[in-house]
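Structure file final.cif (mmCIF, C-alpha atoms) follows.
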data_run
#
loop_
_atom_site.label_atom_id
_atom_site.label_comp_id
_atom_site.auth_asym_id
_atom_site.auth_seq_id
_atom_site.Cartn_x
_atom_site.Cartn_y
_atom_site.Cartn_z
CA MET A 7 60.74 168.20 280.91
CA THR A 8 63.38 169.82 283.12
CA THR A 9 65.22 168.02 285.91
CA THR A 10 63.25 170.04 288.45
CA ASN A 11 59.92 169.08 286.87
CA LYS A 12 60.96 165.40 286.84
CA SER A 13 61.90 165.52 290.54
CA TYR A 14 58.63 167.29 291.34
CA LYS A 15 56.68 164.59 289.49
CA THR A 16 58.50 161.83 291.39
CA ALA A 17 57.90 163.58 294.68
CA PHE A 18 54.22 164.04 293.85
CA ILE A 19 53.79 160.31 293.15
CA PHE A 20 55.43 159.33 296.44
CA LEU A 21 53.41 161.89 298.39
CA THR A 22 50.16 160.78 296.78
CA SER A 23 50.84 157.24 298.05
CA LEU A 24 50.77 158.72 301.57
CA PHE A 25 47.35 160.26 300.97
CA PHE A 26 46.05 156.83 299.93
CA LEU A 27 47.67 155.22 302.99
CA TRP A 28 46.15 157.41 305.68
CA GLY A 29 42.74 157.37 304.02
CA PHE A 30 42.85 153.57 303.90
CA ILE A 31 43.96 153.18 307.53
CA THR A 32 41.48 155.75 308.85
CA VAL A 33 38.49 153.82 307.51
CA LEU A 34 40.01 150.39 308.20
CA VAL A 35 40.00 151.23 311.91
CA ASP A 36 36.22 151.77 311.65
CA SER A 37 35.98 148.08 310.73
CA LEU A 38 37.62 147.26 314.04
CA ILE A 39 34.93 148.77 316.23
CA PRO A 40 32.49 145.80 316.23
CA ARG A 41 35.36 143.46 317.17
CA LEU A 42 36.86 145.81 319.72
CA LYS A 43 33.51 146.22 321.45
CA GLU A 44 33.46 142.47 322.17
CA VAL A 45 37.20 141.89 322.69
CA PHE A 46 37.35 144.67 325.27
CA THR A 47 33.69 144.29 326.40
CA LEU A 48 33.15 147.99 325.74
CA SER A 49 30.09 150.10 326.30
CA TYR A 50 28.80 152.09 323.31
CA PHE A 51 30.24 155.21 324.96
CA GLN A 52 33.71 153.66 325.12
CA ALA A 53 33.41 152.50 321.51
CA GLY A 54 32.54 156.09 320.56
CA LEU A 55 35.77 157.30 322.19
CA VAL A 56 37.69 155.63 319.36
CA GLN A 57 36.72 158.40 316.93
CA PHE A 58 37.28 161.04 319.61
CA ALA A 59 40.87 159.79 320.00
CA PHE A 60 41.38 160.20 316.25
CA PHE A 61 40.18 163.81 316.08
CA GLY A 62 41.79 164.57 319.45
CA ALA A 63 45.19 163.76 317.94
CA TYR A 64 44.66 166.45 315.31
CA PHE A 65 43.61 168.95 317.97
CA ILE A 66 46.53 168.25 320.30
CA LEU A 67 49.37 167.48 317.89
CA SER A 68 48.86 169.56 314.72
CA ILE A 69 50.49 172.78 315.96
CA PRO A 70 53.42 170.95 317.62
CA ALA A 71 53.84 169.05 314.33
CA GLY A 72 54.00 172.37 312.48
CA ASN A 73 56.76 173.53 314.83
CA ILE A 74 58.68 170.29 314.32
CA LEU A 75 58.42 170.65 310.55
CA ALA A 76 59.71 174.21 310.78
CA LYS A 77 62.87 172.77 312.35
CA ILE A 78 63.45 169.52 310.44
CA GLY A 79 61.74 170.15 307.08
CA TYR A 80 59.08 168.32 305.10
CA LYS A 81 60.97 165.14 304.16
CA LYS A 82 62.15 164.29 307.67
CA GLY A 83 58.70 165.22 308.95
CA ILE A 84 57.14 162.65 306.61
CA VAL A 85 59.55 159.96 307.82
CA LEU A 86 58.75 160.88 311.44
CA GLY A 87 55.02 160.60 310.70
CA LEU A 88 55.43 157.18 309.09
CA VAL A 89 57.55 155.82 311.95
CA THR A 90 54.97 157.10 314.46
CA MET A 91 52.19 155.40 312.48
CA ALA A 92 54.13 152.11 312.46
CA LEU A 93 54.57 152.33 316.23
CA GLY A 94 50.84 152.86 316.64
CA CYS A 95 50.10 149.81 314.48
CA LEU A 96 52.52 147.67 316.52
CA LEU A 97 50.80 148.74 319.76
CA PHE A 98 47.61 147.05 318.53
CA TYR A 99 49.33 143.70 319.17
CA PRO A 100 49.65 143.97 322.99
CA ALA A 101 46.36 145.88 323.15
CA ALA A 102 44.49 142.96 321.60
CA SER A 103 46.53 140.28 323.43
CA TYR A 104 45.94 141.68 326.91
CA ARG A 105 42.49 143.13 326.09
CA ILE A 106 43.33 146.39 327.88
CA PHE A 107 41.26 149.25 326.49
CA GLY A 108 43.75 151.88 327.67
CA ILE A 109 46.54 150.35 325.58
CA PHE A 110 44.27 150.25 322.56
CA MET A 111 43.35 153.92 322.98
CA LEU A 112 47.06 154.73 323.25
CA ALA A 113 47.73 152.70 320.09
CA TYR A 114 45.01 154.50 318.17
CA PHE A 115 46.13 157.91 319.44
CA VAL A 116 49.74 157.20 318.40
CA LEU A 117 48.54 155.97 315.00
CA ALA A 118 46.38 159.07 314.56
CA GLY A 119 49.31 161.20 315.75
CA GLY A 120 51.46 159.79 312.96
CA MET A 121 48.73 160.58 310.43
CA THR A 122 48.51 164.09 311.87
CA ILE A 123 52.22 164.67 311.28
CA LEU A 124 51.83 163.30 307.74
CA GLN A 125 48.88 165.61 307.03
CA VAL A 126 50.72 168.65 308.35
CA ALA A 127 53.74 167.79 306.20
CA ALA A 128 52.22 166.35 303.03
CA ASN A 129 49.45 168.87 302.32
CA PRO A 130 51.70 171.95 302.10
CA TYR A 131 54.48 169.93 300.43
CA VAL A 132 52.11 169.02 297.58
CA ALA A 133 50.99 172.65 297.45
CA VAL A 134 54.56 173.92 296.89
CA LEU A 135 55.57 171.26 294.34
CA GLY A 136 55.02 173.63 291.44
CA SER A 137 53.27 176.90 290.79
CA GLU A 138 50.94 178.39 293.40
CA GLU A 139 48.20 178.63 290.75
CA GLY A 140 48.24 174.83 290.36
CA ALA A 141 48.30 174.06 294.10
CA SER A 142 44.54 173.39 294.37
CA SER A 143 44.60 171.05 291.37
CA ARG A 144 47.56 169.06 292.74
CA LEU A 145 46.05 168.81 296.21
CA ASN A 146 42.68 167.73 294.80
CA LEU A 147 44.36 164.95 292.83
CA SER A 148 46.31 163.74 295.89
CA GLN A 149 43.16 163.89 298.02
CA ALA A 150 41.34 161.86 295.34
CA PHE A 151 43.68 158.97 296.11
CA ASN A 152 42.96 159.55 299.80
CA SER A 153 39.28 159.02 298.95
CA LEU A 154 40.22 155.94 296.92
CA GLY A 155 41.76 154.54 300.11
CA THR A 156 38.62 155.30 302.14
CA THR A 157 36.47 153.64 299.46
CA ILE A 158 38.54 150.43 299.25
CA ALA A 159 39.11 150.04 303.01
CA PRO A 160 35.56 148.89 303.96
CA ALA A 161 35.77 145.99 301.50
CA ILE A 162 39.23 144.98 302.78
CA GLY A 163 38.03 145.36 306.36
CA ALA A 164 35.00 143.19 305.67
CA MET A 165 37.20 140.44 304.23
CA LEU A 166 40.07 140.56 306.74
CA ILE A 167 38.53 141.81 309.98
CA LEU A 168 34.79 141.16 309.80
CA SER A 169 34.88 137.99 307.72
CA ASP A 170 33.24 135.88 310.39
CA LYS A 171 30.38 136.60 312.77
CA VAL A 172 31.08 138.73 315.84
CA LYS A 173 29.31 137.18 318.83
CA THR A 174 26.97 139.23 320.99
CA LYS A 175 27.63 139.79 324.70
CA GLU A 176 24.94 137.22 325.52
CA GLU A 177 26.50 134.61 323.21
CA ILE A 178 29.92 135.17 324.78
CA ALA A 179 28.47 134.85 328.28
CA SER A 180 26.96 131.47 327.38
CA LEU A 181 30.35 130.02 326.38
CA ALA A 182 32.37 127.79 328.66
CA ALA A 183 35.54 129.36 330.12
CA ALA A 184 37.85 127.57 327.67
CA GLU A 185 35.61 128.39 324.68
CA LYS A 186 35.40 132.02 325.77
CA GLU A 187 39.19 132.30 326.01
CA ALA A 188 39.61 130.65 322.60
CA TYR A 189 37.08 133.08 321.12
CA PHE A 190 38.92 136.10 322.56
CA VAL A 191 42.25 134.78 321.22
CA SER A 192 40.66 134.39 317.78
CA GLU A 193 39.21 137.90 317.90
CA ALA A 194 42.54 139.35 319.01
CA SER A 195 44.28 137.64 316.10
CA ALA A 196 41.74 139.12 313.67
CA VAL A 197 42.74 142.58 314.94
CA GLN A 198 46.48 141.94 315.17
CA SER A 199 47.29 140.42 311.78
CA PRO A 200 46.13 143.29 309.55
CA PHE A 201 47.92 145.89 311.65
CA LEU A 202 51.18 143.96 311.81
CA SER A 203 51.07 143.84 308.01
CA ILE A 204 50.33 147.57 307.84
CA ALA A 205 53.19 148.30 310.26
CA PHE A 206 55.61 146.39 308.03
CA PHE A 207 54.41 148.25 304.92
CA VAL A 208 54.62 151.65 306.66
CA VAL A 209 58.19 150.97 307.86
CA LEU A 210 59.11 149.96 304.30
CA LEU A 211 57.62 153.21 303.03
CA ALA A 212 59.54 155.21 305.67
CA VAL A 213 62.82 153.59 304.58
CA THR A 214 61.96 154.41 300.96
CA PHE A 215 61.43 158.07 301.86
CA ILE A 216 64.79 158.14 303.68
CA PHE A 217 66.67 157.07 300.56
CA VAL A 218 64.57 158.48 297.73
CA LYS A 219 65.82 161.79 296.37
CA LEU A 220 63.15 164.45 296.71
CA PRO A 221 63.40 168.16 295.92
CA THR A 222 64.57 170.21 298.87
CA ILE A 223 61.92 172.83 299.55
CA MET A 224 62.15 175.16 302.52
CA GLU A 225 64.13 172.81 304.74
CA LYS A 226 64.93 173.95 308.31
CA ILE A 227 62.64 176.94 308.31
CA PRO A 228 63.16 179.61 310.96
CA ASN A 229 60.38 179.40 313.57
CA LYS A 230 58.63 182.78 313.38
CA GLY A 231 55.89 181.86 315.85
CA TYR A 232 52.14 182.06 315.39
CA LYS A 233 51.55 185.75 316.00
CA ALA A 234 52.37 186.57 312.39
CA LEU A 235 50.08 183.79 311.18
CA LEU A 236 47.09 184.80 313.28
CA SER A 237 47.23 188.23 311.68
CA LYS A 238 46.63 186.61 308.27
CA LYS A 239 42.87 186.95 307.77
CA SER A 240 42.75 184.47 304.90
CA LEU A 241 44.45 181.77 306.99
CA VAL A 242 42.17 182.29 310.00
CA MET A 243 39.08 182.26 307.79
CA GLY A 244 40.44 179.16 306.03
CA ALA A 245 40.93 177.37 309.35
CA ILE A 246 37.30 178.10 310.26
CA ALA A 247 36.25 176.81 306.83
CA ILE A 248 38.19 173.56 307.42
CA PHE A 249 36.55 173.25 310.88
CA VAL A 250 33.00 173.58 309.56
CA TYR A 251 33.69 171.49 306.44
CA VAL A 252 35.02 168.47 308.35
CA GLY A 253 32.22 168.84 310.90
CA ALA A 254 29.55 168.93 308.20
CA GLU A 255 31.04 166.03 306.22
CA VAL A 256 31.36 163.77 309.29
CA SER A 257 27.91 164.76 310.59
CA ILE A 258 26.18 163.77 307.36
CA GLY A 259 28.19 160.55 306.98
CA SER A 260 27.59 159.52 310.60
CA TYR A 261 23.83 160.04 310.58
CA LEU A 262 22.87 158.95 307.05
CA VAL A 263 21.46 155.56 308.07
CA SER A 264 19.50 157.10 310.95
CA TYR A 265 18.15 159.77 308.59
CA PHE A 266 17.06 157.10 306.11
CA MET A 267 15.50 155.06 308.92
CA GLU A 268 13.47 158.05 310.08
CA MET A 269 12.13 158.47 306.52
CA ASN A 270 11.25 154.74 306.50
CA LEU A 271 13.08 154.19 303.20
CA ALA A 272 13.75 150.46 303.67
CA PRO A 273 10.28 149.30 302.50
CA LEU A 274 10.46 151.69 299.54
CA ILE A 275 13.84 150.33 298.47
CA SER A 276 12.81 146.70 299.07
CA SER A 277 9.85 147.12 296.71
CA ASN A 278 11.96 148.73 293.98
CA GLU A 279 13.65 146.15 291.73
CA THR A 280 16.32 148.57 290.46
CA MET A 281 17.26 149.78 293.95
CA MET A 282 17.48 146.22 295.26
CA SER A 283 19.71 145.26 292.34
CA ILE A 284 22.05 148.14 293.18
CA ALA A 285 22.03 147.23 296.88
CA ASN A 286 22.82 143.56 296.23
CA LYS A 287 25.73 144.37 293.93
CA ILE A 288 27.29 146.75 296.46
CA ALA A 289 26.69 144.38 299.38
CA THR A 290 28.50 141.60 297.49
CA LEU A 291 31.58 143.82 297.07
CA PHE A 292 31.68 144.44 300.82
CA ASN A 293 31.09 140.81 301.75
CA LYS A 294 27.79 141.70 303.42
CA THR A 295 24.29 140.31 303.32
CA PHE A 296 20.97 141.71 304.46
CA THR A 297 17.33 140.78 304.72
CA ASN A 298 14.07 142.71 304.74
CA SER A 299 14.07 142.25 308.51
CA ASP A 300 17.39 144.10 308.76
CA PRO A 301 16.67 147.58 307.33
CA LYS A 302 19.84 149.16 308.77
CA SER A 303 22.16 146.94 306.73
CA LEU A 304 20.07 147.55 303.60
CA LEU A 305 20.14 151.32 304.03
CA GLY A 306 23.79 151.28 305.07
CA VAL A 307 24.77 149.90 301.67
CA PHE A 308 23.83 153.21 300.04
CA VAL A 309 26.24 155.20 302.23
CA VAL A 310 28.98 154.10 299.81
CA PHE A 311 27.58 156.62 297.32
CA TYR A 312 28.28 159.46 299.77
CA TRP A 313 31.97 158.60 300.22
CA GLY A 314 32.40 157.29 296.67
CA GLY A 315 31.01 160.59 295.36
CA ALA A 316 33.77 162.43 297.22
CA MET A 317 36.37 160.27 295.47
CA ILE A 318 34.92 160.83 291.99
CA GLY A 319 34.48 164.55 292.67
CA ARG A 320 38.14 164.96 293.62
CA PHE A 321 39.37 163.43 290.38
CA VAL A 322 37.00 165.74 288.48
CA GLY A 323 37.93 168.63 290.77
CA ALA A 324 41.63 168.17 290.04
CA TYR A 325 40.81 168.98 286.41
CA LEU A 326 38.29 171.75 287.13
CA THR A 327 40.62 173.62 289.49
CA LYS A 328 43.32 173.42 286.81
CA ILE A 329 41.24 175.10 284.10
CA LEU A 330 39.06 177.31 286.32
CA SER A 331 39.71 179.56 289.29
CA PRO A 332 39.74 177.35 292.44
CA VAL A 333 37.72 179.95 294.38
CA LYS A 334 34.98 179.84 291.74
CA VAL A 335 34.89 176.03 291.82
CA LEU A 336 34.72 176.15 295.64
CA GLY A 337 31.83 178.62 295.54
CA LEU A 338 29.97 176.53 292.96
CA PHE A 339 30.36 173.27 294.90
CA ALA A 340 29.34 174.91 298.19
CA SER A 341 26.23 176.33 296.49
CA LEU A 342 25.35 172.91 295.07
CA ALA A 343 25.84 171.25 298.48
CA ILE A 344 23.40 173.77 300.00
CA LEU A 345 20.94 173.13 297.17
CA MET A 346 21.12 169.35 297.71
CA ILE A 347 20.37 169.75 301.43
CA ILE A 348 17.40 172.03 300.66
CA ILE A 349 16.06 169.46 298.19
CA SER A 350 16.56 166.63 300.71
CA VAL A 351 14.77 168.33 303.61
CA SER A 352 11.92 169.57 301.43
CA THR A 353 11.19 166.23 299.73
CA THR A 354 10.65 162.63 300.78
CA GLY A 355 11.48 159.14 299.54
CA LEU A 356 14.23 158.37 297.05
CA MET A 357 14.51 162.00 295.93
CA SER A 358 15.42 163.02 299.47
CA MET A 359 17.88 160.12 299.79
CA TRP A 360 19.75 160.75 296.53
CA ALA A 361 19.90 164.50 297.21
CA ILE A 362 21.66 164.09 300.55
CA LEU A 363 23.99 161.43 299.11
CA ALA A 364 24.93 163.88 296.33
CA VAL A 365 26.37 166.23 298.96
CA GLY A 366 29.34 163.84 299.10
CA LEU A 367 30.11 164.62 295.45
CA PHE A 368 30.17 168.37 296.15
CA ASN A 369 32.15 167.92 299.37
CA SER A 370 34.94 166.49 297.27
CA ILE A 371 37.07 169.52 296.42
CA MET A 372 36.42 171.52 299.58
CA PHE A 373 39.19 170.36 301.92
CA PRO A 374 42.09 170.44 299.42
CA THR A 375 40.90 173.68 297.82
CA ILE A 376 40.38 175.50 301.13
CA PHE A 377 43.73 174.19 302.34
CA SER A 378 45.69 175.39 299.31
CA LEU A 379 43.90 178.76 299.19
CA SER A 380 44.67 179.33 302.88
CA LEU A 381 48.39 178.77 302.29
CA GLU A 382 48.66 181.25 299.42
CA GLY A 383 51.36 183.86 299.90
CA LEU A 384 52.63 182.47 303.23
CA GLU A 385 55.98 181.26 301.83
CA ASP A 386 58.18 179.97 304.70
CA LEU A 387 55.28 180.12 307.17
CA LYS A 388 53.45 177.28 305.38
CA PRO A 389 54.50 174.41 307.70
CA GLN A 390 53.17 176.19 310.79
CA ALA A 391 50.11 177.40 308.89
CA SER A 392 49.47 173.76 307.97
CA GLY A 393 49.55 172.95 311.69
CA ILE A 394 46.80 175.49 312.32
CA LEU A 395 44.69 174.18 309.44
CA CYS A 396 45.07 170.56 310.55
CA THR A 397 44.08 171.52 314.10
CA ALA A 398 40.79 172.70 312.61
CA ILE A 399 40.03 169.10 311.59
CA PHE A 400 38.84 168.83 315.20
CA GLY A 401 35.55 170.18 313.85
CA GLY A 402 34.80 166.51 313.14
CA ALA A 403 34.58 165.93 316.89
CA VAL A 404 32.57 169.08 317.70
CA ILE A 405 29.86 169.58 315.10
CA PRO A 406 28.47 166.00 314.90
CA PRO A 407 27.43 165.95 318.59
CA LEU A 408 25.79 169.38 318.14
CA PHE A 409 23.97 168.06 315.09
CA GLY A 410 22.88 165.03 317.10
CA MET A 411 21.51 167.24 319.86
CA LEU A 412 19.49 169.20 317.32
CA VAL A 413 18.17 165.97 315.82
CA ASP A 414 17.07 164.81 319.28
CA GLY A 415 15.28 168.09 319.97
CA LEU A 416 14.03 169.22 316.55
CA GLY A 417 14.30 166.30 314.14
CA PHE A 418 16.51 165.85 311.09
CA LYS A 419 14.81 168.36 308.80
CA LEU A 420 15.45 171.32 311.12
CA ALA A 421 18.81 170.01 312.36
CA PHE A 422 20.16 170.21 308.80
CA VAL A 423 20.00 174.00 309.13
CA LEU A 424 23.24 173.71 311.13
CA ILE A 425 24.90 171.81 308.27
CA MET A 426 23.63 174.35 305.75
CA MET A 427 25.21 177.13 307.81
CA CYS A 428 28.55 175.31 307.53
CA TYR A 429 28.35 175.31 303.73
CA ILE A 430 27.11 178.91 303.67
CA TYR A 431 30.29 179.90 305.50
CA ILE A 432 32.41 177.95 303.01
CA TYR A 433 30.62 179.79 300.17
CA TYR A 434 31.31 183.09 301.97
CA TYR A 435 35.00 182.16 302.34
CA GLY A 436 35.20 181.46 298.62
CA ARG A 437 33.56 184.79 297.80
CA THR A 438 35.98 186.60 300.12
CA LYS A 439 38.97 184.93 298.46
CA THR A 440 37.57 185.89 295.03
CA LYS A 441 37.41 189.57 296.01
CA THR A 442 40.93 189.39 297.47
CA SER A 443 42.29 187.87 294.25
CA GLN A 444 40.54 190.52 292.15
CA LEU A 445 42.08 193.29 294.25
CA GLN A 446 45.55 191.74 293.85
CA ASP A 447 45.09 191.64 290.06
CA ILE A 448 44.32 195.38 289.84
#
Representation of the structure as structure tokens:
Amino acid sequence: MTTTNKSYKTAFIFLTSLFFLWGFITVLVDSLIPRLKEVFTLSYFQAGLVQFAFFGAYFILSIPAGNILAKIGYKKGIVLGLVTMALGCLLFYPAASYRIFGIFMLAYFVLAGGMTILQVAANPYVAVLGSEEGASSRLNLSQAFNSLGTTIAPAIGAMLILSDKVKTKEEIASLAAAEKEAYFVSEASAVQSPFLSIAFFVVLLAVTFIFVKLPTIMEKIPNKGYKALLSKKSLVMGAIAIFVYVGAEVSIGSYLVSYFMEMNLAPLISSNETMMSIANKIATLFNKTFTNSDPKSLLGVFVVFYWGGAMIGRFVGAYLTKILSPVKVLGLFASLAILMIIISVSTTGLMSMWAILAVGLFNSIMFPTIFSLSLEGLEDLKPQASGILCTAIFGGAVIPPLFGMLVDGLGFKLAFVLIMMCYIYIYYYGRTKTKTSQLQDI
């Protein structure tokens, strides 16, 4: 192995730790919402703004982050992202202490801003750590560890943040003034401690990146502006593909329990010994319990298969995109996602449930593969192109509400046509990239 290959391997390991980190933190914050709703006495609308702040950071900060990277390079950009994340974590302390929702929203936006900078820096950095042909495979493997973080985080959140019962608004109102204050202090501490620990770890990681020797790749890139990038059809089409992919993935994940409730799956699962055995084993891992009178918690247990499928698929996809053309793998997985949705909406019961959960498996390779394909041939424009692609993650804030509106008006079965259209576009993007590659080979 050459010195360059060794340095690339070291860099890849360090970068992959970042993918795990932001996946873990992203989902860990979801565990905060039940506590935050009581600590800050939030309405459901205000609680929903938490996710909007996350995707809003990508929308507002991705392109500026690309410009910053063009000036300071990937390594310094990663350190900047980590320091920004640590600052966001530290802001959770006063937010919880003073129970001011505005400070919390600022903390979450700063935290998400740091993750945005990391995404803009780390995704293209992984893509250029080796041959362009292997970019999709490397990015799939890194994203697999991102999914590992999102899979582990709910269990950690359940143990550290949701380990005791969150009181309802009525229960809080019935407490004496001193008891109420003590309860709020306890709740604030449950929020503060994990994020102080995360802040310490992130700062430690930032210091490590300052001193670790990483390969210098395209440092201090001349800022050529976005006009040249917007003329790149493959990049623009890739950004649209990222937009619809994230929107479709978040839409399905957000509405799975409601979809299962509408199909009245709880009684079917409760009467099935095998399904109940699976549910109990998963619930134990996440420190949760449920009863037949609580169908939402029972059905919610099975959502782990949707996100866990994405993790498994990315490890498999890292191998598939290494031995097969990434565009062909993308087209195959998009086709299978469409097929699973068709099966789900045209059947009932457990068949419908497992079909829609299987979409998570075929989602797996889409983001990293689309991302790496969109960056092909852009050379020193990759940091700014990454900014455009990360801005498209805002699809996660746009498509789910549209899907919800369709569900309200037409029901789930017809609303899934919107999600199918997202995957049809991704399939079309893959086919377009295939034709482009074939033309280049002639």
Quiz item: For this file, the PyMOL selection byres ((chain A and resi 205) around 9) selects which residues, as a ChimeraX atom specification?
Solution: /A:89,91-96,200-204,206-210
Same residues, C-alpha atoms, output as a compact mmCIF listing (two decimals), in the coordinates of the input:
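Written out: part17.txt:
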# COMPACT_ATOMS: atom_id res chain seq x y z
CA VAL A 89 57.55 155.82 311.95
CA MET A 91 52.19 155.40 312.48
CA ALA A 92 54.13 152.11 312.46
CA LEU A 93 54.57 152.33 316.23
CA GLY A 94 50.84 152.86 316.64
CA CYS A 95 50.10 149.81 314.48
CA LEU A 96 52.52 147.67 316.52
CA PRO A 200 46.13 143.29 309.55
CA PHE A 201 47.92 145.89 311.65
CA LEU A 202 51.18 143.96 311.81
CA SER A 203 51.07 143.84 308.01
CA ILE A 204 50.33 147.57 307.84
CA PHE A 206 55.61 146.39 308.03
CA PHE A 207 54.41 148.25 304.92
CA VAL A 208 54.62 151.65 306.66
CA VAL A 209 58.19 150.97 307.86
CA LEU A 210 59.11 149.96 304.30
Quiz item: Which residues, written as a PyMOL selection string, have at least one atom at most 7 Å from stretch 392-395 of chain A, with only C-alpha atoms counted and residues fewer than 2 positions away on the same chain left out?
Solution: chain A and resi 68-69+71-72+126+130+245+248+388-390+397-398
Once you count all atoms listed in the file, what closest atom pair and distance in Å to one decimal does each residue of stretch 140-161 of chain A within 12 Å of stretch 329-332 of chain A have, with rows by chain and rising residue number, as CSV?
residue,atom,partner,partner_atom,distance
A:Gly140,CA,A:Pro332,CA,9.1
A:Ala141,CA,A:Pro332,CA,9.3
A:Ser142,CA,A:Pro332,CA,6.5
A:Ser143,CA,A:Pro332,CA,8.0
A:Arg144,CA,A:Pro332,CA,11.4
A:Leu145,CA,A:Pro332,CA,11.3
A:Asn146,CA,A:Pro332,CA,10.3
Exercise. Could you tell me how far atom CA of A:Lys239 lies from atom CA of A:Ile376, in Å and to one decimal?
Key: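 Between atom CA of A:Lys239 and atom CA of A:Ile376 the gap is 13.5 Å.
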Practice problem: Find the residue from A:Ala289, A:Val351, A:Ala127, A:Ile432 that sits nearest to A:Gly79; use all atoms listed in the file when measuring. | Solution: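 Between A:Ala289, A:Val351, A:Ala127, A:Ile432, the residue approaching A:Gly79 most closely is A:Ala127.
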Quick one: axis-aligned box around all listed atoms of stretch 371-378 of chain A, 8 Å on every side, centre and edge lengths in Å to one decimal, written as AutoDock Vina command-line options.
--center_x 41.1 --center_y 172.5 --center_z 299.4 --size_x 25.3 --size_y 22.0 --size_z 21.9
Quiz prompt | Residues selected by the PyMOL selection byres ((chain A and resi 379) around 9), written as a PyMOL selection string | solution = chain A and resi 141-142+240-241+244+332-333+374-378+380-382+439
I'd like the contact shell of A:Glu255 - 9 Å cut-off, all atoms listed in the file, skipping same-chain residues fewer than 4 positions apart - returned as an mmCIF file with C-alpha atoms, in the frame of the given file.
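Writing done, so here's selection-v7.cif:
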data_model
loop_
_atom_site.group_PDB
_atom_site.id
_atom_site.type_symbol
_atom_site.label_atom_id
_atom_site.label_comp_id
_atom_site.auth_asym_id
_atom_site.auth_seq_id
_atom_site.Cartn_x
_atom_site.Cartn_y
_atom_site.Cartn_z
ATOM 1 C CA VAL A 250 33.000 173.580 309.560
ATOM 2 C CA TYR A 251 33.690 171.490 306.440
ATOM 3 C CA GLY A 259 28.190 160.550 306.980
ATOM 4 C CA SER A 260 27.590 159.520 310.600
ATOM 5 C CA VAL A 365 26.370 166.230 298.960
ATOM 6 C CA GLY A 366 29.340 163.840 299.100
ATOM 7 C CA ASN A 369 32.150 167.920 299.370
ATOM 8 C CA GLY A 402 34.800 166.510 313.140
ATOM 9 C CA ILE A 425 24.900 171.810 308.270
#
Self-check item: Point-to-point distance in Å for atom CA of A:Ile31 and atom CA of A:Tyr99
Solution: 15.9 Å
Quiz item: atom CA of A:Glu268 and atom CA of A:Thr280 are how many Å apart?
Solution: 22.0 Å
Quiz prompt | Residue members of the PyMOL selection byres ((chain A and resi 406-413) around 10) in the file shown, as a list in words | solution = Val252, Gly253, Ala254, Glu255, Val256, Ser257, Ile258, Gly259, Ser260, Tyr261, Tyr265, Gly401, Gly402, Ala403, Val404, Ile405, Asp414, Gly415, Leu416, Gly417, Phe418, Lys419, Leu420, Ala421, Phe422, Val423, Leu424 and Ile425 of chain A
Exercise. Pick out the residues sitting within 8 Å of A:Phe339, and hand them over as number ranges by chain; count all atoms listed in the file, and ignore anything fewer than 5 positions along from it in its own chain.
Key: A: 368-369, 371-372
Store the residues picked out above in a file with C-alpha atoms, as a compact mmCIF listing (two decimals), in the frame of the given file.
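Okay, this is what ended up in selection_19.txt:
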# COMPACT_ATOMS: atom_id res chain seq x y z
CA PHE A 368 30.17 168.37 296.15
CA ASN A 369 32.15 167.92 299.37
CA ILE A 371 37.07 169.52 296.42
CA MET A 372 36.42 171.52 299.58
Self-check item: Distance criterion (only C-alpha atoms): nearest to A:Ala316 out of A:Ile19, A:Leu363, A:Ile123, A:Val116
Solution: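 So, comparing all the options, the nearest one is A:Leu363.
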